[in-house]
file data_26.cif (mmCIF, C-alpha atoms and all ligand atoms)
data_my_file
#
loop_
_atom_site.label_atom_id
_atom_site.label_comp_id
_atom_site.auth_asym_id
_atom_site.auth_seq_id
_atom_site.Cartn_x
_atom_site.Cartn_y
_atom_site.Cartn_z
CA MET A 28 -109.27 -39.47 -1.35
CA GLN A 29 -112.87 -40.63 -0.86
CA THR A 30 -113.36 -43.98 0.84
CA ARG A 31 -116.28 -46.40 0.90
CA PHE A 32 -115.81 -48.47 4.02
CA THR A 33 -118.96 -49.73 5.72
CA ALA A 34 -119.79 -48.92 9.32
CA ALA A 35 -119.16 -52.56 10.20
CA GLN A 36 -115.69 -52.44 8.62
CA LEU A 37 -114.86 -49.29 10.55
CA GLU A 38 -115.46 -51.04 13.84
CA ASP A 39 -112.06 -52.63 13.26
CA SER A 40 -109.31 -50.42 14.66
CA ALA A 41 -106.78 -51.19 11.89
CA THR A 42 -109.36 -50.38 9.20
CA ARG A 43 -110.32 -47.15 10.97
CA SER A 44 -106.68 -46.11 11.05
CA SER A 45 -106.18 -46.96 7.37
CA GLU A 46 -109.33 -45.09 6.40
CA GLN A 47 -108.00 -41.92 8.08
CA ILE A 48 -104.69 -42.34 6.23
CA LEU A 49 -106.35 -42.92 2.86
CA ARG A 50 -108.48 -39.80 3.26
CA LYS A 51 -105.36 -37.68 3.53
CA CYS A 52 -104.01 -38.68 0.11
CA VAL A 53 -104.81 -36.05 -2.54
CA HIS A 54 -103.43 -38.09 -5.49
CA CYS A 55 -100.79 -35.42 -6.19
CA GLY A 56 -98.07 -37.95 -7.06
CA PHE A 57 -95.26 -35.92 -5.45
CA CYS A 58 -94.13 -39.18 -3.84
CA ALA A 59 -93.52 -41.04 -7.13
CA SER A 60 -90.09 -39.67 -8.03
CA THR A 61 -88.69 -40.57 -4.59
CA CYS A 62 -89.92 -44.19 -4.76
CA PRO A 63 -87.08 -46.59 -5.66
CA THR A 64 -89.35 -49.14 -7.35
CA TYR A 65 -91.06 -46.47 -9.48
CA VAL A 66 -87.65 -45.09 -10.41
CA LEU A 67 -86.53 -48.57 -11.50
CA LEU A 68 -89.72 -49.94 -13.05
CA GLY A 69 -91.69 -46.85 -14.13
CA ASP A 70 -95.01 -48.59 -13.41
CA GLU A 71 -97.66 -46.54 -11.59
CA LEU A 72 -98.66 -49.67 -9.66
CA ASP A 73 -95.10 -49.81 -8.29
CA SER A 74 -95.35 -46.21 -7.07
CA PRO A 75 -96.68 -45.14 -3.66
CA ARG A 76 -99.83 -43.65 -5.19
CA GLY A 77 -100.51 -46.81 -7.21
CA ARG A 78 -100.00 -48.97 -4.13
CA ILE A 79 -102.29 -46.75 -2.09
CA TYR A 80 -105.06 -47.35 -4.68
CA LEU A 81 -104.42 -51.10 -4.61
CA ILE A 82 -104.55 -51.17 -0.81
CA LYS A 83 -107.72 -49.05 -0.73
CA GLU A 84 -109.53 -51.34 -3.16
CA MET A 85 -108.35 -54.49 -1.38
CA LEU A 86 -109.39 -53.30 2.08
CA GLU A 87 -112.69 -51.76 0.97
CA ALA A 88 -113.70 -54.93 -0.86
CA GLY A 89 -112.74 -56.94 2.22
CA ARG A 90 -111.65 -59.74 -0.10
CA PRO A 91 -108.56 -61.93 -0.04
CA ALA A 92 -105.51 -60.33 -1.67
CA THR A 93 -105.01 -61.17 -5.34
CA SER A 94 -101.69 -62.27 -6.81
CA GLU A 95 -101.44 -58.94 -8.71
CA VAL A 96 -101.84 -56.89 -5.53
CA VAL A 97 -99.36 -59.13 -3.72
CA ARG A 98 -96.80 -58.71 -6.53
CA HIS A 99 -96.87 -54.90 -6.36
CA LEU A 100 -97.01 -54.66 -2.57
CA ASP A 101 -94.24 -57.24 -2.14
CA ARG A 102 -92.04 -55.04 -4.33
CA CYS A 103 -92.46 -52.15 -1.86
CA LEU A 104 -89.33 -51.80 0.28
CA SER A 105 -91.13 -50.07 3.17
CA CYS A 106 -88.32 -47.54 2.80
CA LEU A 107 -90.80 -44.72 3.61
CA ALA A 108 -89.19 -42.26 1.17
CA CYS A 109 -92.76 -41.52 0.07
CA MET A 110 -93.64 -40.33 3.58
CA THR A 111 -90.80 -37.83 3.58
CA ALA A 112 -91.94 -36.52 0.19
CA CYS A 113 -95.68 -36.38 0.91
CA PRO A 114 -97.03 -32.85 1.55
CA SER A 115 -100.30 -34.20 2.99
CA GLY A 116 -98.90 -36.26 5.86
CA VAL A 117 -100.03 -39.65 4.53
CA ASN A 118 -98.76 -42.29 6.97
CA TYR A 119 -97.81 -44.88 4.37
CA GLN A 120 -95.95 -46.91 7.01
CA HIS A 121 -99.11 -47.83 8.91
CA LEU A 122 -101.05 -48.36 5.67
CA ILE A 123 -98.58 -50.81 4.12
CA ASP A 124 -98.22 -52.60 7.47
CA HIS A 125 -101.99 -53.14 7.57
CA ALA A 126 -101.96 -54.30 3.94
CA ARG A 127 -99.14 -56.79 4.58
CA THR A 128 -101.05 -58.24 7.53
CA HIS A 129 -104.17 -58.57 5.37
CA ILE A 130 -102.11 -60.36 2.69
CA GLU A 131 -100.61 -62.82 5.16
CA ARG A 132 -104.05 -63.60 6.55
CA THR A 133 -105.85 -64.00 3.22
CA TYR A 134 -103.34 -65.05 0.55
CA ARG A 135 -101.68 -68.46 0.15
CA ARG A 136 -98.19 -68.03 -1.24
CA PRO A 137 -96.47 -70.71 -3.37
CA LEU A 138 -94.88 -73.48 -1.30
CA GLY A 139 -91.24 -72.42 -1.81
CA GLU A 140 -92.00 -68.89 -0.70
CA ARG A 141 -93.91 -70.06 2.35
CA VAL A 142 -90.97 -72.24 3.38
CA LEU A 143 -88.45 -69.43 2.85
CA ARG A 144 -90.52 -66.91 4.80
CA ARG A 145 -91.06 -69.36 7.62
CA LEU A 146 -87.33 -70.02 7.75
CA LEU A 147 -86.49 -66.30 7.85
CA LYS A 148 -88.97 -65.73 10.68
CA ALA A 149 -87.60 -68.66 12.65
CA VAL A 150 -83.90 -67.94 12.18
CA LEU A 151 -83.26 -64.19 11.95
CA PRO A 152 -84.65 -63.08 15.32
CA VAL A 153 -82.70 -65.75 17.26
CA PRO A 154 -78.92 -65.03 17.38
CA GLY A 155 -77.92 -68.66 18.09
CA ARG A 156 -79.87 -69.92 15.08
CA LEU A 157 -78.55 -67.11 12.89
CA ARG A 158 -74.93 -68.01 13.70
CA TRP A 159 -75.55 -71.62 12.68
CA ALA A 160 -77.47 -70.58 9.57
CA LEU A 161 -74.62 -68.32 8.46
CA ARG A 162 -72.12 -71.14 8.77
CA ALA A 163 -74.43 -73.49 6.85
CA ALA A 164 -75.08 -70.87 4.16
CA ARG A 165 -71.35 -70.33 3.62
CA TRP A 166 -70.97 -74.06 2.96
CA GLY A 167 -74.10 -73.98 0.82
CA ARG A 168 -72.41 -71.47 -1.47
CA VAL A 169 -70.58 -74.36 -3.09
CA ALA A 170 -73.91 -75.41 -4.59
CA GLY A 171 -74.85 -71.76 -5.22
CA PRO A 172 -75.12 -71.76 -9.02
CA LEU A 173 -77.61 -74.65 -8.90
CA ALA A 174 -79.82 -73.03 -6.26
CA PRO A 175 -82.91 -70.87 -6.95
CA ARG A 176 -82.26 -67.10 -7.23
CA ARG A 177 -83.58 -66.31 -3.75
CA VAL A 178 -81.42 -68.98 -2.14
CA GLN A 179 -78.40 -67.67 -4.06
CA ALA A 180 -79.20 -64.21 -2.67
CA LEU A 181 -79.16 -65.75 0.80
CA PHE A 182 -75.72 -67.28 0.16
CA GLU A 183 -74.36 -63.98 -1.18
CA LEU A 184 -75.59 -62.14 1.89
CA ALA A 185 -74.07 -64.77 4.17
CA ALA A 186 -70.73 -64.33 2.40
CA ARG A 187 -70.89 -60.54 2.79
CA ALA A 188 -71.90 -60.91 6.41
CA GLY A 189 -69.03 -63.31 7.00
CA ALA A 190 -66.58 -60.88 5.43
CA LEU A 191 -67.67 -58.14 7.82
CA GLN A 192 -65.96 -59.78 10.77
CA PRO A 193 -66.05 -63.14 12.48
CA ALA A 194 -69.36 -63.61 14.20
CA SER A 195 -68.65 -63.17 17.84
CA ARG A 196 -70.62 -62.57 20.96
CA LEU A 197 -70.73 -59.08 22.33
CA ALA A 198 -69.19 -58.67 25.74
CA ARG A 199 -72.29 -57.82 27.71
CA PRO A 200 -72.27 -54.10 28.52
CA ALA A 201 -73.75 -54.81 31.96
CA ALA A 202 -70.46 -56.48 32.89
CA ALA A 203 -68.62 -53.26 32.21
CA ALA A 204 -71.14 -51.03 33.88
CA ALA A 205 -69.21 -50.47 37.04
CA THR A 206 -68.23 -46.94 36.00
CA ALA A 207 -69.67 -44.02 37.90
CA ALA A 208 -73.26 -43.39 36.89
CA ARG A 209 -73.17 -39.62 37.09
CA ALA A 210 -75.28 -38.80 34.07
CA GLY A 211 -77.99 -41.46 34.33
CA ARG A 212 -78.88 -44.96 33.35
CA VAL A 213 -79.69 -46.22 29.85
CA LEU A 214 -80.73 -49.49 28.25
CA LEU A 215 -78.88 -50.49 25.08
CA LEU A 216 -80.86 -52.78 22.78
CA GLN A 217 -78.67 -55.72 21.68
CA GLY A 218 -81.16 -56.81 19.05
CA CYS A 219 -80.89 -60.00 17.06
CA VAL A 220 -79.15 -59.66 13.68
CA GLN A 221 -76.77 -56.87 14.67
CA SER A 222 -75.56 -58.70 17.77
CA VAL A 223 -74.33 -61.45 15.43
CA LEU A 224 -73.18 -59.52 12.36
CA ALA A 225 -71.88 -56.24 13.73
CA PRO A 226 -71.30 -56.54 17.50
CA ALA A 227 -68.53 -53.92 17.28
CA ALA A 228 -71.22 -51.25 16.88
CA GLU A 229 -72.70 -52.15 20.27
CA SER A 230 -69.30 -52.17 21.94
CA ALA A 231 -68.53 -48.75 20.45
CA ALA A 232 -71.87 -47.43 21.69
CA VAL A 233 -71.12 -48.71 25.21
CA ARG A 234 -67.77 -46.88 25.23
CA LEU A 235 -69.32 -43.65 23.92
CA LEU A 236 -72.06 -43.76 26.56
CA GLU A 237 -69.78 -44.70 29.43
CA ARG A 238 -67.33 -41.96 28.47
CA ALA A 239 -70.27 -39.56 28.73
CA GLY A 240 -70.92 -40.86 32.24
CA PHE A 241 -73.95 -43.09 31.61
CA GLU A 242 -74.52 -46.46 33.22
CA VAL A 243 -75.27 -48.89 30.37
CA GLU A 244 -77.42 -51.99 30.78
CA ALA A 245 -77.84 -54.57 28.05
CA LEU A 246 -81.38 -55.08 26.73
CA GLU A 247 -81.59 -58.44 25.01
CA GLY A 248 -84.30 -59.57 22.64
CA CYS A 249 -85.74 -58.91 19.20
CA CYS A 250 -87.95 -55.84 18.66
CA GLY A 251 -90.14 -57.76 16.18
CA ALA A 252 -89.37 -55.57 13.15
CA LEU A 253 -88.25 -58.37 10.82
CA VAL A 254 -91.34 -60.50 11.39
CA HIS A 255 -93.58 -57.41 11.39
CA HIS A 256 -92.38 -56.41 7.92
CA LEU A 257 -93.19 -59.90 6.70
CA GLY A 258 -96.80 -59.19 7.67
CA ASP A 259 -96.98 -61.73 10.49
CA ALA A 260 -98.55 -59.43 13.06
CA ASP A 261 -99.15 -61.81 15.99
CA PRO A 262 -95.64 -63.23 16.44
CA ALA A 263 -94.17 -59.77 15.82
CA LEU A 264 -96.35 -58.35 18.60
CA ALA A 265 -95.37 -61.27 20.86
CA GLN A 266 -91.67 -60.43 20.33
CA ALA A 267 -92.37 -56.76 21.01
CA ARG A 268 -94.35 -57.64 24.16
CA ALA A 269 -91.44 -59.71 25.50
CA LEU A 270 -89.11 -56.75 24.95
CA LEU A 271 -91.58 -54.37 26.59
CA ALA A 272 -91.76 -56.67 29.62
CA ARG A 273 -87.97 -56.48 29.99
CA ILE A 274 -88.00 -52.70 29.71
CA GLU A 275 -90.86 -52.48 32.19
CA GLY A 276 -88.76 -54.54 34.62
CA ALA A 277 -85.81 -52.19 34.15
CA LEU A 278 -88.07 -49.16 34.65
CA SER A 279 -89.36 -50.58 37.91
CA ALA A 280 -85.74 -50.70 39.15
CA GLY A 281 -85.25 -46.96 38.62
CA GLU A 282 -85.40 -44.05 36.17
CA LEU A 283 -84.03 -44.49 32.66
CA ALA A 284 -82.60 -41.66 30.57
CA ALA A 285 -83.31 -43.59 27.36
CA VAL A 286 -83.67 -46.87 25.54
CA ILE A 287 -80.87 -46.66 23.00
CA VAL A 288 -80.84 -48.41 19.66
CA THR A 289 -77.90 -48.71 17.27
CA ALA A 290 -79.80 -50.31 14.36
CA SER A 291 -82.14 -47.72 12.86
CA GLY A 292 -84.51 -50.39 11.50
CA CYS A 293 -85.12 -51.51 15.08
CA GLY A 294 -85.29 -47.92 16.31
CA THR A 295 -88.08 -47.11 13.87
CA GLN A 296 -90.01 -50.14 15.09
CA VAL A 297 -89.61 -49.46 18.83
CA LYS A 298 -90.56 -45.82 18.31
CA ASP A 299 -93.80 -47.12 16.77
CA TYR A 300 -94.74 -49.36 19.72
CA GLY A 301 -97.09 -46.67 21.02
CA PHE A 302 -99.16 -47.04 17.84
CA LEU A 303 -98.85 -50.83 17.60
CA PHE A 304 -100.15 -51.34 21.15
CA ARG A 305 -102.70 -48.51 21.12
CA ASP A 306 -105.61 -50.90 21.70
CA ASP A 307 -103.90 -53.20 24.19
CA PRO A 308 -105.07 -52.28 27.70
CA ARG A 309 -102.16 -54.15 29.33
CA TRP A 310 -99.39 -52.64 27.25
CA SER A 311 -100.57 -49.37 25.69
CA ALA A 312 -99.23 -47.05 28.42
CA CYS A 313 -95.92 -48.89 28.71
CA ALA A 314 -95.50 -48.98 24.91
CA ALA A 315 -96.16 -45.24 24.61
CA ARG A 316 -93.62 -44.54 27.36
CA VAL A 317 -91.02 -46.78 25.74
CA SER A 318 -91.54 -45.15 22.33
CA ALA A 319 -91.02 -41.74 23.90
CA LEU A 320 -87.86 -42.96 25.66
CA THR A 321 -86.31 -44.55 22.57
CA ARG A 322 -83.38 -42.82 20.86
CA ASP A 323 -80.97 -43.72 18.13
CA ILE A 324 -77.41 -43.67 19.53
CA THR A 325 -76.56 -40.57 17.45
CA GLU A 326 -79.74 -38.81 18.55
CA PHE A 327 -78.93 -39.49 22.20
CA LEU A 328 -75.32 -38.38 21.89
CA HIS A 329 -76.42 -35.22 20.12
CA GLU A 330 -78.85 -34.44 22.97
CA HIS A 331 -76.65 -35.40 25.90
CA ALA A 332 -73.00 -35.79 25.04
CA PRO A 333 -71.71 -34.87 21.60
CA PRO A 334 -68.38 -36.74 21.35
CA GLN A 335 -65.21 -34.69 21.08
CA PRO A 336 -62.18 -35.77 19.07
CA ALA A 337 -59.49 -37.22 21.35
CA ALA A 338 -56.72 -35.18 19.77
CA GLN A 339 -56.30 -32.86 16.80
CA THR A 340 -53.68 -35.20 15.37
CA HIS A 341 -55.91 -38.28 15.59
CA ALA A 342 -55.92 -40.48 12.47
CA ALA A 343 -59.65 -39.88 12.08
CA ARG A 344 -59.05 -36.18 11.54
CA GLY A 345 -59.89 -35.18 7.98
CA LEU A 346 -60.60 -38.74 6.85
CA THR A 347 -63.03 -38.57 3.94
CA ILE A 348 -66.18 -40.54 4.53
CA ALA A 349 -69.49 -40.84 2.71
CA TYR A 350 -72.48 -40.90 5.04
CA HIS A 351 -75.12 -43.38 3.89
CA SER A 352 -78.39 -42.34 5.49
CA ALA A 353 -80.41 -45.53 6.06
CA CYS A 354 -84.07 -45.22 5.05
CA SER A 355 -85.18 -46.15 8.54
CA MET A 356 -82.95 -43.36 9.83
CA GLN A 357 -83.85 -40.53 7.43
CA HIS A 358 -87.44 -41.46 6.52
CA GLY A 359 -88.47 -43.66 9.46
CA GLN A 360 -87.06 -41.44 12.22
CA SER A 361 -86.41 -38.14 10.40
CA LEU A 362 -82.77 -38.31 11.53
CA ASP A 363 -80.63 -37.22 8.64
CA ARG A 364 -78.69 -34.16 9.77
CA ILE A 365 -77.65 -35.26 13.28
CA PRO A 366 -75.38 -38.24 12.39
CA ARG A 367 -73.58 -36.14 9.73
CA GLU A 368 -73.11 -33.28 12.19
CA LEU A 369 -71.66 -35.59 14.83
CA LEU A 370 -69.25 -37.14 12.34
CA ALA A 371 -68.14 -33.72 11.09
CA ARG A 372 -67.70 -32.47 14.66
CA ALA A 373 -65.60 -35.56 15.42
CA GLY A 374 -63.20 -34.49 12.68
CA PHE A 375 -64.31 -36.46 9.61
CA ASP A 376 -64.69 -34.87 6.19
CA VAL A 377 -68.27 -35.95 5.45
CA HIS A 378 -69.32 -36.14 1.80
CA GLU A 379 -72.88 -36.13 0.46
CA VAL A 380 -73.99 -39.21 -1.48
CA PRO A 381 -75.91 -38.42 -4.70
CA GLU A 382 -79.49 -39.80 -4.67
CA GLY A 383 -79.11 -40.19 -0.91
CA HIS A 384 -82.89 -40.61 -0.50
CA LEU A 385 -82.93 -43.87 -2.51
CA CYS A 386 -82.80 -47.19 -0.65
CA CYS A 387 -79.75 -49.46 -0.99
CA GLY A 388 -82.03 -52.50 -1.42
CA SER A 389 -81.47 -54.03 2.00
CA ALA A 390 -84.84 -53.28 3.64
CA GLY A 391 -85.07 -56.07 6.18
CA THR A 392 -85.45 -59.31 4.22
CA TYR A 393 -86.12 -57.56 0.88
CA ASN A 394 -82.67 -58.44 -0.49
CA ILE A 395 -83.54 -62.11 -0.03
CA LEU A 396 -87.18 -61.99 -1.14
CA GLN A 397 -86.72 -59.56 -4.08
CA PRO A 398 -83.11 -60.25 -5.09
CA GLN A 399 -83.23 -58.76 -8.60
CA LEU A 400 -84.59 -55.36 -7.55
CA ALA A 401 -82.37 -55.35 -4.45
CA SER A 402 -79.22 -56.00 -6.44
CA ARG A 403 -80.11 -53.21 -8.92
CA LEU A 404 -80.56 -50.81 -6.01
CA ARG A 405 -77.30 -51.99 -4.45
CA ALA A 406 -75.40 -51.41 -7.71
CA ARG A 407 -76.93 -47.93 -8.06
CA LYS A 408 -76.06 -47.05 -4.45
CA LEU A 409 -72.47 -48.30 -4.86
CA GLU A 410 -72.11 -46.24 -8.03
CA ASN A 411 -73.30 -43.14 -6.14
CA LEU A 412 -70.96 -43.93 -3.25
CA ARG A 413 -68.01 -44.22 -5.67
CA ARG A 414 -68.84 -40.76 -7.01
CA THR A 415 -68.03 -39.31 -3.58
CA ARG A 416 -64.47 -40.74 -3.93
CA ALA A 417 -64.62 -41.76 -0.26
CA CYS A 418 -63.16 -45.12 0.73
CA VAL A 419 -65.14 -45.28 3.96
CA VAL A 420 -68.91 -45.34 4.25
CA ALA A 421 -70.65 -44.62 7.55
CA ALA A 422 -74.10 -46.08 8.17
CA GLY A 423 -76.34 -46.51 11.19
CA ASN A 424 -78.17 -49.69 10.26
CA VAL A 425 -76.81 -53.23 10.15
CA GLY A 426 -78.92 -54.19 7.11
CA CYS A 427 -77.32 -51.45 5.00
CA ILE A 428 -73.85 -52.35 6.30
CA VAL A 429 -74.25 -55.97 5.15
CA GLN A 430 -75.88 -54.93 1.86
CA LEU A 431 -73.08 -52.53 0.89
CA SER A 432 -70.14 -54.54 2.20
CA GLY A 433 -67.93 -56.80 0.13
CA GLU A 434 -66.70 -54.21 -2.41
CA GLU A 435 -62.96 -54.04 -2.99
CA GLY A 436 -61.43 -50.95 -1.38
CA LEU A 437 -64.65 -49.78 0.28
CA ALA A 438 -65.03 -50.06 4.06
CA VAL A 439 -68.57 -49.85 5.43
CA VAL A 440 -68.59 -48.97 9.11
CA HIS A 441 -71.21 -48.23 11.74
CA THR A 442 -71.37 -44.52 12.64
CA ALA A 443 -70.91 -45.35 16.35
CA GLU A 444 -67.60 -47.10 15.61
CA LEU A 445 -66.26 -44.02 13.82
CA LEU A 446 -67.41 -41.66 16.57
CA ASP A 447 -65.86 -43.93 19.20
CA TRP A 448 -62.58 -44.17 17.27
CA ALA A 449 -62.37 -40.39 16.95
CA ALA A 450 -62.98 -40.10 20.69
CA GLY A 451 -60.13 -42.45 21.59
CA GLY A 452 -61.62 -45.92 21.00
CA PRO A 453 -60.10 -48.66 18.83
CA GLU A 454 -59.85 -48.25 15.07
CA PRO A 455 -62.83 -50.01 13.42
CA ALA A 456 -61.68 -53.39 12.05
CA ALA A 457 -63.42 -52.76 8.71
CA LEU A 458 -61.16 -49.76 7.99
CA GLY A 459 -58.40 -52.22 7.06
CA LYS A 460 -60.45 -52.93 3.91
CA ARG A 461 -60.38 -49.38 2.53
CA SER A 462 -58.16 -48.37 -0.36
CA PRO A 463 -54.87 -46.90 0.77
CA GLY A 464 -54.84 -43.09 0.78
S1 LIG B 1 -92.13 -47.29 1.03
FE1 LIG B 1 -90.50 -46.91 -0.49
S2 LIG B 1 -90.78 -48.53 -2.05
FE2 LIG B 1 -92.68 -48.44 -0.83
S3 LIG B 1 -94.02 -47.06 -1.95
FE3 LIG B 1 -92.94 -45.79 -0.43
S4 LIG B 1 -91.14 -45.01 -1.51
FE4 LIG B 1 -91.94 -46.73 -2.74
S1 LIG B 2 -97.46 -37.40 -2.13
FE1 LIG B 2 -98.88 -37.97 -0.48
S2 LIG B 2 -100.85 -37.06 -1.06
FE2 LIG B 2 -99.55 -37.06 -2.91
S3 LIG B 2 -100.06 -39.02 -3.97
FE3 LIG B 2 -98.27 -39.41 -2.66
S4 LIG B 2 -99.17 -40.17 -0.75
FE4 LIG B 2 -100.86 -39.17 -1.86
#
call {"tool": "encode", "arguments": {"input": "data_26.cif", "output": "structure tokens"}}
result
Amino acid sequence: MQTRFTAAQLEDSATRSSEQILRKCVHCGFCASTCPTYVLLGDELDSPRGRIYLIKEMLEAGRPATSEVVRHLDRCLSCLACMTACPSGVNYQHLIDHARTHIERTYRRPLGERVLRRLLKAVLPVPGRLRWALRAARWGRVAGPLAPRRVQALFELAARAGALQPASRLARPAAAAATAARAGRVLLLQGCVQSVLAPAAESAAVRLLERAGFEVEALEGCCGALVHHLGDADPALAQARALLARIEGALSAGELAAVIVTASGCGTQVKDYGFLFRDDPRWSACAARVSALTRDITEFLHEHAPPQPAAQTHAARGLTIAYHSACSMQHGQSLDRIPRELLARAGFDVHEVPEGHLCCGSAGTYNILQPQLASRLRARKLENLRRTRACVVAAGNVGCIVQLSGEEGLAVVHTAELLDWAAGGPEPAALGKRSPG
């Protein structure tokens, strides 16, 4: 694709990067059929290629974003299915990130939306605030039918999150790290949302890693992904910098085998730190090192310690599960095969989900900000999951787990919990919700 940026525009690093990305697009349209919003809406402007044109024109003109551009770019899930499909290597992730930042800097959203976005940015990355907000939202459900659609979506999500399990604090892995450190030392990112909504995944990861002989240290803090996807670059980078500082401190205390992440949305973000901090003289080297060290829990287990089933007669043996491959896992980190292989090796009967490349509608805060499209994608995903006839769904991202939970007879469980159970850990609490048989 030809571009018309001026020399002055290309002095800006973000614009230079976007220009290189735009030049790779050959307009072939192979990406369209994999794009969930194009599949639902059939509008070229809601396809990756259409959005790439909108972004190109907006950035080249150097003008504030228009409401039309904002509408189509806001509908993008950042699911990155288009990147997997693209034969030309177009890095849509970095392009849409740049576009979202441009929008937030140049476009004034309606008051209600500004308030909601500000609230999400203030609450979600802080576990203490999120716990209080969930309690308040559950009470707020009483007034649900009178509330605007986006607020109703928030209440629905809070109810699903509450049904997952009581919000409880994770027992800090560092406290249990007295086991022999034969294999090495790892940091386990506690994150923000997952530490509140699905702490059992972290506990399962600690047991899997300690069984494999690793010393596990808790890494607290938000990676910045949620705020980053809302286009607010500076606070997102500040959150990432704070996390980098903690990792740098841990690195100064000795070698690390990995920084392990159990929420694939966060993993995709931390693996991109090298790019995000490429122009920061203080943090660029550290960020590149951290990105290279970062592994999803399944990726790390596959490399270092594939779990073995505790016993051939274990209840997990032969249990039919559907593996839901989160977009951030399959498209963001190109990790699709490994989690399935680990589950199969642990004794589960893993079934393919039809249309597995399509997003479930979670996508960070998308299910709150675009509730209609998100609920259509959720319904479509649930229909595809039912076709597998499995009563248990495995997923490696907390957003998907919340999005797909709450269906009668269907248990949605983190992959790490299932692997841990098969290796002798406790049965995941959510399995009590599956249909008998
Ligand atoms: S990131 Fe997902 S929703 Fe956005 S254009 Fe690509 S495929 Fe479509
Ligand atoms: S598949 Fe890649 S090259 Fe083709 S239109 Fe989509 S982004 Fe452009």
call {"tool": "closest_residue", "arguments": {"input": "data_26.cif", "among": "A:Leu264, A:Ala449, A:Leu396, A:Leu437", "to": "Arg176 in chain A", "atoms": "only C-alpha atoms"}}
result
A:Leu396
call {"tool": "atom_distance", "arguments": {"input": "data_26.cif", "atom1": "CA of Pro453 in chain A", "atom2": "CA of Gly294 in chain A"}}
result
25.3 Å
call {"tool": "closest_residue", "arguments": {"input": "data_26.cif", "among": "A:Gln430, A:Asp39, A:Val97, A:Gln120", "to": "ligand LIG 2 (chain B)", "atoms": "all atoms listed in the file"}}
result
A:Gln120
call {"tool": "atom_distance", "arguments": {"input": "data_26.cif", "atom1": "CA of Leu400 in chain A", "atom2": "CA of Arg177 in chain A"}}
result
11.6 Å
call {"tool": "atom_distance", "arguments": {"input": "data_26.cif", "atom1": "CA of Leu458 in chain A", "atom2": "CA of Ala228 in chain A"}}
result
13.5 Å
call {"tool": "residues_around", "arguments": {"input": "data_26.cif", "residues": "range 376-381 of chain A", "least_positions_apart": "3", "cutoff": "6 Å", "atoms": "only C-alpha atoms", "output": "list in words"}}
result
Gly345, Leu346, Thr347, Ile348, Ala349, Asn411 and Leu412 of chain A
call {"tool": "closest_residue", "arguments": {"input": "data_26.cif", "among": "A:Ala252, A:Asp259, A:Gly77, A:Cys313", "to": "Thr295 in chain A", "atoms": "only C-alpha atoms"}}
result
A:Ala252
call {"tool": "residues_near_ligand", "arguments": {"input": "data_26.cif", "ligand": "ligand LIG 2 (chain B)", "cutoff": "6 Å", "atoms": "only C-alpha atoms and all ligand atoms", "output": "list in words"}}
result
Cys52, Val53, His54, Cys55, Gly56, Phe57, Cys58, Arg76, Cys113, Pro114, Ser115 and Val117 of chain A
call {"tool": "residues_near_ligand", "arguments": {"input": "data_26.cif", "ligand": "ligand LIG 1 (chain B)", "cutoff": "10 Å", "atoms": "only C-alpha atoms and all ligand atoms", "output": "CSV table (one decimal) with C-alpha atoms, keeping the file's coordinate frame"}}
result
chain,number,residue,atom,x,y,z
A,58,CYS,CA,-94.1,-39.2,-3.8
A,59,ALA,CA,-93.5,-41.0,-7.1
A,60,SER,CA,-90.1,-39.7,-8.0
A,61,THR,CA,-88.7,-40.6,-4.6
A,62,CYS,CA,-89.9,-44.2,-4.8
A,63,PRO,CA,-87.1,-46.6,-5.7
A,64,THR,CA,-89.4,-49.1,-7.4
A,65,TYR,CA,-91.1,-46.5,-9.5
A,66,VAL,CA,-87.6,-45.1,-10.4
A,72,LEU,CA,-98.7,-49.7,-9.7
A,73,ASP,CA,-95.1,-49.8,-8.3
A,74,SER,CA,-95.4,-46.2,-7.1
A,75,PRO,CA,-96.7,-45.1,-3.7
A,76,ARG,CA,-99.8,-43.6,-5.2
A,77,GLY,CA,-100.5,-46.8,-7.2
A,78,ARG,CA,-100.0,-49.0,-4.1
A,79,ILE,CA,-102.3,-46.8,-2.1
A,99,HIS,CA,-96.9,-54.9,-6.4
A,100,LEU,CA,-97.0,-54.7,-2.6
A,101,ASP,CA,-94.2,-57.2,-2.1
A,102,ARG,CA,-92.0,-55.0,-4.3
A,103,CYS,CA,-92.5,-52.2,-1.9
A,104,LEU,CA,-89.3,-51.8,0.3
A,105,SER,CA,-91.1,-50.1,3.2
A,106,CYS,CA,-88.3,-47.5,2.8
A,107,LEU,CA,-90.8,-44.7,3.6
A,108,ALA,CA,-89.2,-42.3,1.2
A,109,CYS,CA,-92.8,-41.5,0.1
A,110,MET,CA,-93.6,-40.3,3.6
A,111,THR,CA,-90.8,-37.8,3.6
A,112,ALA,CA,-91.9,-36.5,0.2
A,113,CYS,CA,-95.7,-36.4,0.9
A,119,TYR,CA,-97.8,-44.9,4.4
A,120,GLN,CA,-96.0,-46.9,7.0
A,123,ILE,CA,-98.6,-50.8,4.1
A,354,CYS,CA,-84.1,-45.2,5.0
A,358,HIS,CA,-87.4,-41.5,6.5
A,359,GLY,CA,-88.5,-43.7,9.5
A,384,HIS,CA,-82.9,-40.6,-0.5
A,385,LEU,CA,-82.9,-43.9,-2.5
A,386,CYS,CA,-82.8,-47.2,-0.6
A,388,GLY,CA,-82.0,-52.5,-1.4
A,390,ALA,CA,-84.8,-53.3,3.6
call {"tool": "axis_aligned_box", "arguments": {"input": "data_26.cif", "around": "range 124-136 of chain A", "padding_each_side": "4 Å", "output": "lines of an AutoDock Vina configuration file"}}
result
center_x = -102.0
center_y = -60.5
center_z = 3.2
size_x = 15.7
size_y = 23.9
size_z = 16.8
